[in-house]
file model04.csv (CSV, C-alpha atoms)
chain,number,residue,atom,x,y,z
M,21,MET,CA,93.8,99.0,95.7
M,22,SER,CA,91.9,101.6,97.7
M,23,GLU,CA,89.7,98.8,99.2
M,24,LYS,CA,92.8,96.9,100.3
M,25,MET,CA,94.3,99.9,101.9
M,26,TYR,CA,91.1,100.7,103.8
M,27,ARG,CA,90.8,97.0,104.9
M,28,LEU,CA,94.3,97.3,106.3
M,29,LEU,CA,93.4,100.5,108.1
M,30,LEU,CA,90.3,98.8,109.6
M,31,ARG,CA,92.7,96.6,111.4
M,32,LEU,CA,93.5,99.5,113.7
M,33,TYR,CA,90.1,99.2,115.2
M,34,PRO,CA,89.4,96.7,118.0
M,35,SER,CA,88.5,93.2,116.8
M,36,ARG,CA,85.1,93.3,118.4
M,37,PHE,CA,84.3,96.5,116.4
M,38,ARG,CA,85.6,94.9,113.2
M,39,GLY,CA,83.6,91.8,113.8
M,40,GLN,CA,80.4,93.8,114.3
M,41,TYR,CA,80.8,96.6,111.8
M,42,GLY,CA,83.9,95.8,109.7
M,43,GLU,CA,82.0,94.7,106.6
M,44,GLU,CA,79.4,97.5,107.0
M,45,ALA,CA,82.3,100.0,107.1
M,46,MET,CA,83.8,98.4,104.0
M,47,GLN,CA,80.5,98.7,102.3
M,48,VAL,CA,80.2,102.4,103.1
M,49,PHE,CA,83.7,102.9,101.9
M,50,ARG,CA,82.9,101.1,98.6
M,51,ASP,CA,79.8,103.2,98.2
M,52,ARG,CA,81.8,106.4,98.6
M,53,LEU,CA,84.4,105.1,96.1
M,54,ARG,CA,81.7,104.4,93.6
M,55,ASP,CA,80.0,107.8,94.1
M,56,GLU,CA,83.0,110.0,94.6
M,57,ARG,CA,85.1,110.0,91.4
M,58,GLY,CA,87.7,112.5,90.3
M,59,ALA,CA,90.9,113.5,92.0
M,60,TRP,CA,89.5,116.1,94.3
M,61,LYS,CA,86.7,113.9,95.6
M,62,ARG,CA,89.0,111.0,96.1
M,63,ALA,CA,91.5,113.2,98.0
M,64,ARG,CA,88.6,114.4,100.1
M,65,LEU,CA,87.5,110.9,100.7
M,66,TRP,CA,90.9,109.8,102.0
M,67,MET,CA,91.1,113.0,104.1
M,68,ASP,CA,87.8,112.0,105.7
M,69,VAL,CA,88.9,108.4,106.2
M,70,LEU,CA,92.2,109.4,107.9
M,71,ARG,CA,90.5,112.0,110.1
M,72,ASP,CA,87.8,109.6,111.0
M,73,LEU,CA,90.4,106.9,111.8
M,74,ALA,CA,92.4,109.3,114.0
M,75,THR,CA,89.3,110.2,116.1
M,76,SER,CA,87.3,107.1,116.1
M,77,ALA,CA,89.9,104.3,116.5
M,78,PRO,CA,91.2,105.5,119.8
M,79,ARG,CA,87.7,106.0,121.0
M,80,GLU,CA,86.7,102.5,120.1
M,81,HIS,CA,89.8,101.1,121.8
M,82,ARG,CA,89.0,103.1,125.0
M,83,ARG,CA,85.5,101.7,124.8
M,84,ALA,CA,86.5,98.1,124.2
M,85,PRO,CA,86.2,96.1,127.4
M,86,ALA,CA,89.2,94.3,128.7
M,87,ARG,CA,88.2,90.7,129.0
M,88,PRO,CA,90.4,87.7,129.9
M,89,ALA,CA,89.9,84.7,127.7
M,90,ALA,CA,87.5,82.1,129.1
M,91,SER,CA,89.2,80.0,131.7
M,92,VAL,CA,89.1,76.3,131.2
M,93,SER,CA,89.8,74.0,134.1
M,94,GLY,CA,93.4,72.9,134.0
M,95,VAL,CA,94.3,75.3,131.2
M,96,PRO,CA,96.0,78.6,132.0
M,97,SER,CA,94.0,81.7,131.2
M,98,PHE,CA,95.6,84.4,129.2
M,99,LEU,CA,94.5,87.9,128.3
M,100,VAL,CA,93.6,88.3,124.7
M,101,LEU,CA,95.6,91.4,123.9
M,102,GLU,CA,93.6,92.1,120.8
M,103,GLU,CA,90.6,92.7,123.0
M,104,GLN,CA,92.4,95.0,125.3
M,105,PRO,CA,91.8,98.8,125.0
M,106,LEU,CA,94.8,100.7,123.8
M,107,ARG,CA,96.2,102.2,126.9
M,108,PRO,CA,97.6,105.7,126.4
M,109,ASP,CA,100.9,104.9,128.2
M,110,MET,CA,101.4,101.8,126.0
M,111,PHE,CA,100.7,103.9,123.0
M,112,LEU,CA,103.3,106.4,124.1
M,113,LEU,CA,105.8,103.7,124.9
M,114,GLY,CA,105.2,102.2,121.4
M,115,THR,CA,105.8,105.6,119.8
M,116,VAL,CA,109.0,106.1,121.7
M,117,LEU,CA,110.3,102.6,120.9
M,118,ALA,CA,109.4,103.1,117.2
M,119,LEU,CA,111.3,106.4,117.2
M,120,VAL,CA,114.3,104.8,118.8
M,121,ALA,CA,114.3,102.0,116.3
M,122,VAL,CA,114.0,104.3,113.4
M,123,GLY,CA,116.7,106.6,114.8
M,124,THR,CA,119.1,103.7,115.4
M,125,PHE,CA,118.5,102.4,111.8
M,126,VAL,CA,119.1,105.8,110.4
M,127,TYR,CA,122.2,106.3,112.5
M,128,LEU,CA,123.6,102.9,111.4
M,129,MET,CA,122.8,103.6,107.8
M,130,THR,CA,124.6,107.0,107.8
M,131,HIS,CA,127.5,106.2,110.1
M,132,GLY,CA,128.2,102.5,109.6
M,133,GLY,CA,128.1,102.2,105.9
M,134,ASN,CA,131.7,102.9,105.0
M,135,ARG,CA,133.5,100.5,107.3
M,136,VAL,CA,135.7,98.1,105.3
M,137,VAL,CA,136.0,94.6,106.5
M,138,PHE,CA,138.1,92.3,104.3
M,139,PRO,CA,136.4,89.0,103.8
M,140,SER,CA,137.6,86.4,106.2
M,141,ARG,CA,137.8,83.6,103.7
M,142,PHE,CA,139.9,81.3,105.8
M,143,THR,CA,138.1,81.3,109.1
M,144,GLY,CA,137.4,77.6,108.7
M,145,ASN,CA,140.9,76.7,107.6
M,146,LEU,CA,142.9,79.0,109.8
M,147,GLN,CA,144.9,77.4,112.6
M,148,SER,CA,143.1,78.1,115.8
M,149,ALA,CA,144.5,81.0,117.7
M,150,MET,CA,144.3,78.9,120.8
M,151,ALA,CA,147.2,76.7,119.8
M,152,PRO,CA,147.9,75.2,123.2
M,153,ALA,CA,144.4,73.9,123.4
M,154,ILE,CA,144.8,72.1,120.1
M,155,GLY,CA,148.4,71.1,120.1
M,156,GLY,CA,149.8,69.7,116.8
M,157,ASN,CA,151.6,71.7,114.2
M,158,GLY,CA,152.4,74.9,116.0
M,159,GLU,CA,155.4,73.6,117.9
M,160,GLN,CA,157.9,76.4,117.3
M,161,ALA,CA,155.7,79.4,118.1
M,162,THR,CA,153.3,78.1,120.6
M,163,PRO,CA,153.9,79.0,124.3
M,164,LYS,CA,153.5,75.9,126.3
M,165,ASP,CA,152.4,77.5,129.5
M,166,LYS,CA,149.1,79.2,128.9
M,167,ASP,CA,149.2,80.7,132.4
M,168,GLU,CA,152.3,82.7,131.5
M,169,ALA,CA,151.6,84.1,128.1
M,170,GLU,CA,148.7,84.6,125.7
M,171,PRO,CA,148.6,82.1,122.9
M,172,VAL,CA,150.3,83.2,119.7
M,173,PRO,CA,148.2,83.3,116.5
M,174,LEU,CA,149.5,80.9,113.9
M,175,VAL,CA,149.5,81.7,110.2
M,176,THR,CA,148.9,79.4,107.4
M,177,ALA,CA,150.0,79.7,103.7
M,178,GLU,CA,146.5,80.8,102.7
M,179,GLU,CA,146.4,83.5,105.4
M,180,ARG,CA,149.9,84.7,104.4
M,181,GLU,CA,148.6,85.1,100.8
M,182,LEU,CA,145.5,86.9,102.0
M,183,VAL,CA,147.6,89.3,104.2
M,184,ILE,CA,150.0,90.1,101.3
M,185,GLN,CA,147.1,90.8,98.9
M,186,SER,CA,145.4,93.0,101.5
M,187,VAL,CA,148.5,94.9,102.3
M,188,THR,CA,149.2,95.4,98.6
M,189,GLY,CA,145.7,96.7,98.1
M,190,ALA,CA,146.0,99.1,101.0
M,191,VAL,CA,149.2,100.5,99.7
M,192,ALA,CA,147.8,100.8,96.2
M,193,LYS,CA,144.9,102.7,97.6
M,194,TYR,CA,146.6,105.1,100.0
M,195,ASP,CA,150.1,105.6,98.7
M,196,PRO,CA,150.0,108.7,96.5
M,197,ASP,CA,153.0,107.3,94.5
M,198,ARG,CA,151.5,104.8,92.1
M,199,VAL,CA,154.8,103.6,90.8
M,200,GLU,CA,156.0,103.0,94.4
M,201,ALA,CA,152.8,101.1,95.2
M,202,ARG,CA,153.2,98.8,92.2
M,203,SER,CA,156.8,98.2,93.2
M,204,VAL,CA,155.7,97.2,96.7
M,205,ALA,CA,153.2,94.8,95.3
M,206,GLY,CA,155.7,93.3,93.0
M,207,MET,CA,158.3,92.9,95.7
M,208,LEU,CA,155.9,91.2,98.1
M,209,GLU,CA,154.6,88.9,95.5
M,210,GLU,CA,158.1,88.0,94.4
M,211,GLN,CA,159.1,87.2,98.0
M,212,ARG,CA,156.0,85.1,98.4
M,213,SER,CA,156.6,83.2,95.2
M,214,ALA,CA,160.2,82.6,96.1
M,215,GLY,CA,159.0,80.9,99.4
M,216,ALA,CA,160.6,83.6,101.6
M,217,TYR,CA,157.6,83.4,104.0
M,218,ASP,CA,157.0,79.6,103.8
M,219,ASP,CA,158.6,78.8,107.1
M,220,ILE,CA,157.0,81.4,109.1
M,221,ARG,CA,154.3,80.0,111.4
M,222,SER,CA,154.0,82.8,114.0
M,223,GLY,CA,151.5,85.5,113.1
M,224,PRO,CA,153.3,88.3,115.0
M,225,GLU,CA,156.6,87.3,113.4
M,226,PHE,CA,155.1,87.4,109.9
M,227,ALA,CA,153.6,90.8,110.7
M,228,GLY,CA,156.9,92.1,111.9
M,229,ILE,CA,158.8,90.8,108.8
M,230,LEU,CA,156.3,92.5,106.5
M,231,THR,CA,156.4,95.7,108.4
M,232,ARG,CA,160.2,95.8,108.2
M,233,GLU,CA,160.2,95.1,104.5
M,234,LEU,CA,157.6,97.7,103.8
M,235,SER,CA,159.4,100.4,105.9
M,236,GLY,CA,162.2,100.6,103.4
M,237,ALA,CA,160.0,100.3,100.4
M,238,THR,CA,157.6,103.1,100.8
M,239,ARG,CA,158.6,106.8,101.0
M,240,PHE,CA,155.2,108.5,101.4
M,241,VAL,CA,153.4,106.2,103.8
M,242,THR,CA,154.3,104.1,106.7
M,243,VAL,CA,152.7,100.6,106.5
M,244,THR,CA,152.4,98.6,109.7
M,245,VAL,CA,151.1,95.1,109.7
M,246,ILE,CA,149.5,94.1,113.0
M,247,CYS,CA,148.9,90.7,114.4
M,248,GLY,CA,147.3,90.3,117.8
M,249,TYR,CA,144.1,89.9,119.7
M,250,GLU,CA,143.6,93.5,120.8
M,251,PRO,CA,142.0,95.9,118.4
M,252,ALA,CA,143.8,99.2,117.7
M,253,ALA,CA,143.3,101.8,120.3
M,254,ASP,CA,142.2,104.6,117.9
M,255,SER,CA,138.8,103.4,116.8
M,256,SER,CA,138.3,106.3,114.6
M,257,MET,CA,140.7,104.8,112.2
M,258,TRP,CA,138.3,102.0,111.5
M,259,MET,CA,136.5,104.5,109.3
M,260,VAL,CA,137.9,104.4,105.8
M,261,PRO,CA,139.5,107.7,105.0
M,262,ALA,CA,138.4,109.6,102.0
M,263,GLY,CA,141.6,108.9,100.1
M,264,PRO,CA,145.4,109.4,100.0
M,265,GLY,CA,147.0,111.6,102.6
M,266,GLN,CA,144.9,110.3,105.5
M,267,ARG,CA,145.4,107.5,108.0
M,268,ALA,CA,143.7,104.2,107.5
M,269,TRP,CA,143.3,101.0,109.5
M,270,LEU,CA,141.9,98.1,107.6
M,271,ARG,CA,141.1,94.8,109.1
M,272,ILE,CA,142.2,91.8,107.1
M,273,ASP,CA,140.8,88.9,109.2
M,274,GLU,CA,140.3,88.0,112.8
M,275,HIS,CA,144.1,88.1,113.4
M,276,PHE,CA,145.6,90.7,111.0
M,277,SER,CA,145.1,94.3,110.2
M,278,VAL,CA,147.2,96.9,108.5
M,279,THR,CA,147.6,100.6,109.1
M,280,VAL,CA,148.7,103.1,106.5
M,281,THR,CA,149.9,106.4,107.8
M,282,PRO,CA,151.2,109.3,105.6
M,283,VAL,CA,154.8,110.1,106.5
M,284,GLY,CA,154.9,113.1,108.8
M,285,GLN,CA,151.6,112.3,110.6
M,286,ALA,CA,151.5,110.9,114.2
M,287,GLU,CA,151.3,107.2,114.3
M,288,GLY,CA,149.3,105.9,117.1
M,289,ASN,CA,149.0,102.3,116.3
M,290,ARG,CA,152.3,101.0,115.3
M,291,GLN,CA,153.2,97.7,116.7
S,11,MET,CA,65.6,107.2,130.5
S,12,PRO,CA,69.0,105.6,129.8
S,13,ARG,CA,71.3,108.4,128.8
S,14,ARG,CA,74.5,107.6,130.5
S,15,LYS,CA,76.8,107.5,127.5
S,16,LEU,CA,74.9,110.1,125.5
S,17,ASP,CA,74.7,112.9,128.1
S,18,PRO,CA,75.5,115.3,126.5
S,19,LEU,CA,74.5,114.0,123.2
S,20,PRO,CA,77.4,114.0,120.7
S,21,SER,CA,76.8,116.0,117.5
S,22,ALA,CA,77.2,112.9,115.4
S,23,ALA,CA,74.7,110.9,117.4
S,24,PHE,CA,72.2,113.8,117.2
S,25,GLN,CA,72.6,114.1,113.4
S,26,ILE,CA,72.0,110.3,113.1
S,27,LEU,CA,68.8,110.6,115.1
S,28,LEU,CA,67.7,113.5,113.0
S,29,ALA,CA,68.5,111.5,109.8
S,30,LEU,CA,66.5,108.5,111.0
S,31,ALA,CA,63.6,110.7,112.0
S,32,GLY,CA,62.8,110.8,108.3
S,33,GLY,CA,62.6,107.0,107.9
S,34,ASP,CA,64.6,103.8,108.1
S,35,LEU,CA,68.1,104.1,106.6
S,36,HIS,CA,71.2,101.9,106.2
S,37,GLY,CA,74.7,103.2,107.1
S,38,TYR,CA,75.6,104.8,103.8
S,39,ALA,CA,72.2,106.4,103.5
S,40,ILE,CA,72.6,107.8,107.0
S,41,MET,CA,75.9,109.3,106.1
S,42,ARG,CA,74.5,110.9,103.0
S,43,GLN,CA,71.5,112.2,104.8
S,44,VAL,CA,73.7,113.7,107.5
S,45,GLU,CA,75.8,115.4,104.9
S,46,GLU,CA,72.7,116.8,103.2
S,47,GLN,CA,71.0,118.1,106.4
S,48,SER,CA,74.2,119.7,107.6
S,49,ALA,CA,74.7,121.4,104.2
S,50,GLY,CA,77.9,119.4,103.7
S,51,ARG,CA,79.5,120.5,106.9
S,52,MET,CA,79.5,117.1,108.5
S,53,ARG,CA,80.6,113.9,106.6
S,54,LEU,CA,80.6,111.0,109.0
S,55,GLY,CA,83.4,108.5,108.4
S,56,PRO,CA,82.7,104.8,108.8
S,57,GLY,CA,84.4,104.7,112.2
S,58,THR,CA,82.4,107.5,113.6
S,59,LEU,CA,79.2,106.4,112.0
S,60,TYR,CA,79.3,102.9,113.3
S,61,GLY,CA,80.7,103.8,116.6
S,62,SER,CA,77.8,106.2,117.1
S,63,ILE,CA,75.3,103.7,115.8
S,64,GLN,CA,76.7,101.1,118.3
S,65,THR,CA,76.2,103.5,121.2
S,66,LEU,CA,72.7,104.5,120.0
S,67,LEU,CA,71.8,100.8,119.8
S,68,GLU,CA,73.2,100.1,123.3
S,69,GLU,CA,71.1,103.0,124.6
S,70,GLU,CA,68.1,101.7,122.6
S,71,LEU,CA,67.6,105.0,120.9
S,72,ILE,CA,67.7,103.2,117.5
S,73,ARG,CA,67.2,99.6,116.6
S,74,GLU,CA,68.0,97.3,113.8
S,75,VAL,CA,65.1,96.4,111.6
S,76,ASP,CA,64.6,93.4,109.5
S,77,GLY,CA,65.6,94.0,106.0
S,78,GLY,CA,63.1,91.5,104.5
S,79,ASP,CA,61.0,94.1,102.8
S,80,GLY,CA,62.4,93.6,99.3
S,81,SER,CA,64.2,96.9,99.5
S,82,ALA,CA,67.6,97.5,97.9
S,83,ALA,CA,69.2,97.5,101.3
S,84,ALA,CA,67.7,94.1,102.1
S,85,ALA,CA,68.8,92.8,98.8
S,86,GLU,CA,72.4,93.9,99.5
S,87,ARG,CA,72.1,92.5,103.1
S,88,ARG,CA,72.7,95.8,104.6
S,89,ARG,CA,71.7,96.6,108.1
S,90,THR,CA,68.9,99.1,108.4
S,91,TYR,CA,68.2,101.2,111.4
S,92,ARG,CA,65.1,102.8,112.8
S,93,LEU,CA,64.5,105.5,115.4
S,94,THR,CA,62.9,104.3,118.6
S,95,ALA,CA,60.4,106.2,120.7
S,96,ALA,CA,63.2,106.9,123.2
S,97,GLY,CA,65.4,108.1,120.4
S,98,ARG,CA,62.8,110.5,119.1
S,99,LYS,CA,62.4,111.8,122.7
S,100,VAL,CA,66.1,112.3,123.1
S,101,ALA,CA,66.3,114.0,119.7
S,102,ARG,CA,63.5,116.3,120.6
S,103,SER,CA,65.1,117.2,124.0
S,104,GLU,CA,68.4,118.0,122.2
S,105,ALA,CA,66.6,120.1,119.6
S,106,GLU,CA,64.8,122.0,122.4
S,107,ARG,CA,68.1,122.6,124.2
S,108,ILE,CA,69.6,124.0,121.0
S,109,ALA,CA,66.5,126.0,120.4
S,110,ASP,CA,66.8,127.5,123.9
S,111,LEU,CA,70.4,128.4,123.1
S,112,VAL,CA,69.4,130.0,119.8
S,113,ARG,CA,66.8,132.1,121.7
S,114,VAL,CA,69.5,133.3,124.1
S,115,ALA,CA,71.8,134.0,121.2
S,116,ARG,CA,69.1,136.0,119.5
S,117,ALA,CA,68.3,137.9,122.6
S,118,ARG,CA,71.9,138.8,123.0
S,119,LYS,CA,72.0,140.0,119.4
S,120,ILE,CA,74.4,137.3,118.4
S,121,LEU,CA,72.0,135.9,115.9
S,122,GLY,CA,69.7,137.8,113.6
S,123,GLY,CA,66.0,137.1,113.7
S,124,GLY,CA,65.8,135.3,110.4
S,125,TYR,CA,68.7,133.0,111.0
S,126,VAL,CA,66.7,130.1,112.4

call {"tool": "encode", "arguments": {"input": "model04.csv", "output": "structure tokens"}}
result
Amino acid sequence: MSEKMYRLLLRLYPSRFRGQYGEEAMQVFRDRLRDERGAWKRARLWMDVLRDLATSAPREHRRAPARPAASVSGVPSFLVLEEQPLRPDMFLLGTVLALVAVGTFVYLMTHGGNRVVFPSRFTGNLQSAMAPAIGGNGEQATPKDKDEAEPVPLVTAEERELVIQSVTGAVAKYDPDRVEARSVAGMLEEQRSAGAYDDIRSGPEFAGILTRELSGATRFVTVTVICGYEPAADSSMWMVPAGPGQRAWLRIDEHFSVTVTPVGQAEGNRQ
Amino acid sequence: MPRRKLDPLPSAAFQILLALAGGDLHGYAIMRQVEEQSAGRMRLGPGTLYGSIQTLLEEELIREVDGGDGSAAAAERRRTYRLTAAGRKVARSEAERIADLVRVARARKILGGGYV
């Protein structure tokens, strides 16, 4: 294990140095491993190795001559970067880039981990939002003149079911009244089973109907189903709130989202 | 005398020259000898050791010798190094320079008489 680690560390030296003295250096390291046993001596050995690496590797890179690869007639000549000495400015640049990459990763891990995106299971089956370009079964809701109005998203039976399930889940999560939440879920499911939404093809119309039905069904929260192309203005709402009593905006799929706002709070995203 | 890279002579290079003044040695033996002659104060790591050896070879202060003498180093196919005449001269110059410094330090009462 120690030998493997040291062999990896040796790769920090220029290739020419490794070619000339790599095996000798490995042999010296093996000799020290053999002769210096015990925790303290091993710790001292690794301290020596790291200190040696920190001082000698940059020196060897500075000393390594920069040589272009041999030029062959008709073949482009390239610099072999491995043979190049490590330039201080490039080392600094590499360090800065590494820090930026690590910082970005840490930021994303700490700030982006609690965003909820409902699975978009029907992306392939969903009627295209660009109905005029497709034509076909969106006759009632599709504007014919695409220069005058934006195309209206169409909704399929599968997407209606997904929206209802997602809305039910959002109410169950953020409505403090559990009985009320169960009642809402039952009401929506009953309506869907009875075919009350079967004839609705327009996404905004479906969203509007759901919103109206929910406005009379919930006392502690205001539920708004949104269908449209523009994301909600308040991007902070994308963050899932800690629990009941806070505003939430949950994305359902590429067309639908739902906001749940406790009664009494400002609603910035009602449609 | 070619001393471009080794002027002034680095401490590690000087220690290696001193170690080889006692006879031909391979890398690990040089490292151990340096540790011993410096009373444990200097332990050359492989990078410093072979970097210094490479410079000393380029400046012809040491040379590689054929390991075909039946020694353990030869059996293990280790490279063995020998001090050249130029290397001995450089080591002597460096030792004299340090001796001069020691004399000055002693005259200024920085060192006691029995220190060196």

call {"tool": "closest_residue", "arguments": {"input": "model04.csv", "among": "M:Glu23, M:Glu233, M:Glu44, M:Asp51", "to": "Ala216 (chain M)", "atoms": "all atoms listed in the file"}}
result
M:Glu233

call {"tool": "residues_around", "arguments": {"input": "model04.csv", "residues": "Ser186 (chain M)", "least_positions_apart": "3", "cutoff": "10 Å", "atoms": "all atoms listed in the file", "output": "ChimeraX atom specification"}}
result
/M:138,180-183,189-192,270-273,276-278

call {"tool": "closest_residue", "arguments": {"input": "model04.csv", "among": "S:Val112, S:Leu121, S:Ile26, S:Leu54", "to": "chain M", "atoms": "only C-alpha atoms"}}
result
S:Leu54

call {"tool": "atom_distance", "arguments": {"input": "model04.csv", "atom1": "CA of Ala77 (chain M)", "atom2": "CA of Leu66 (chain S)"}}
result
17.6 Å

call {"tool": "closest_atom_pairs", "arguments": {"input": "model04.csv", "of": "chain S", "to": "chain M", "cutoff": "6 Å", "atoms": "all atoms listed in the file", "output": "JSON lines"}}
result
{"residue": "S:Tyr38", "atom": "CA", "partner": "M:Val48", "partner_atom": "CA", "distance": 5.2}
{"residue": "S:Gly55", "atom": "CA", "partner": "M:Asp72", "partner_atom": "CA", "distance": 5.2}
{"residue": "S:Pro56", "atom": "CA", "partner": "M:Ala45", "partner_atom": "CA", "distance": 5.1}
{"residue": "S:Gly57", "atom": "CA", "partner": "M:Ser76", "partner_atom": "CA", "distance": 5.4}
{"residue": "S:Thr58", "atom": "CA", "partner": "M:Ser76", "partner_atom": "CA", "distance": 5.5}

call {"tool": "atom_distance", "arguments": {"input": "model04.csv", "atom1": "CA of Val241 (chain M)", "atom2": "CA of Gly215 (chain M)"}}
result
26.3 Å
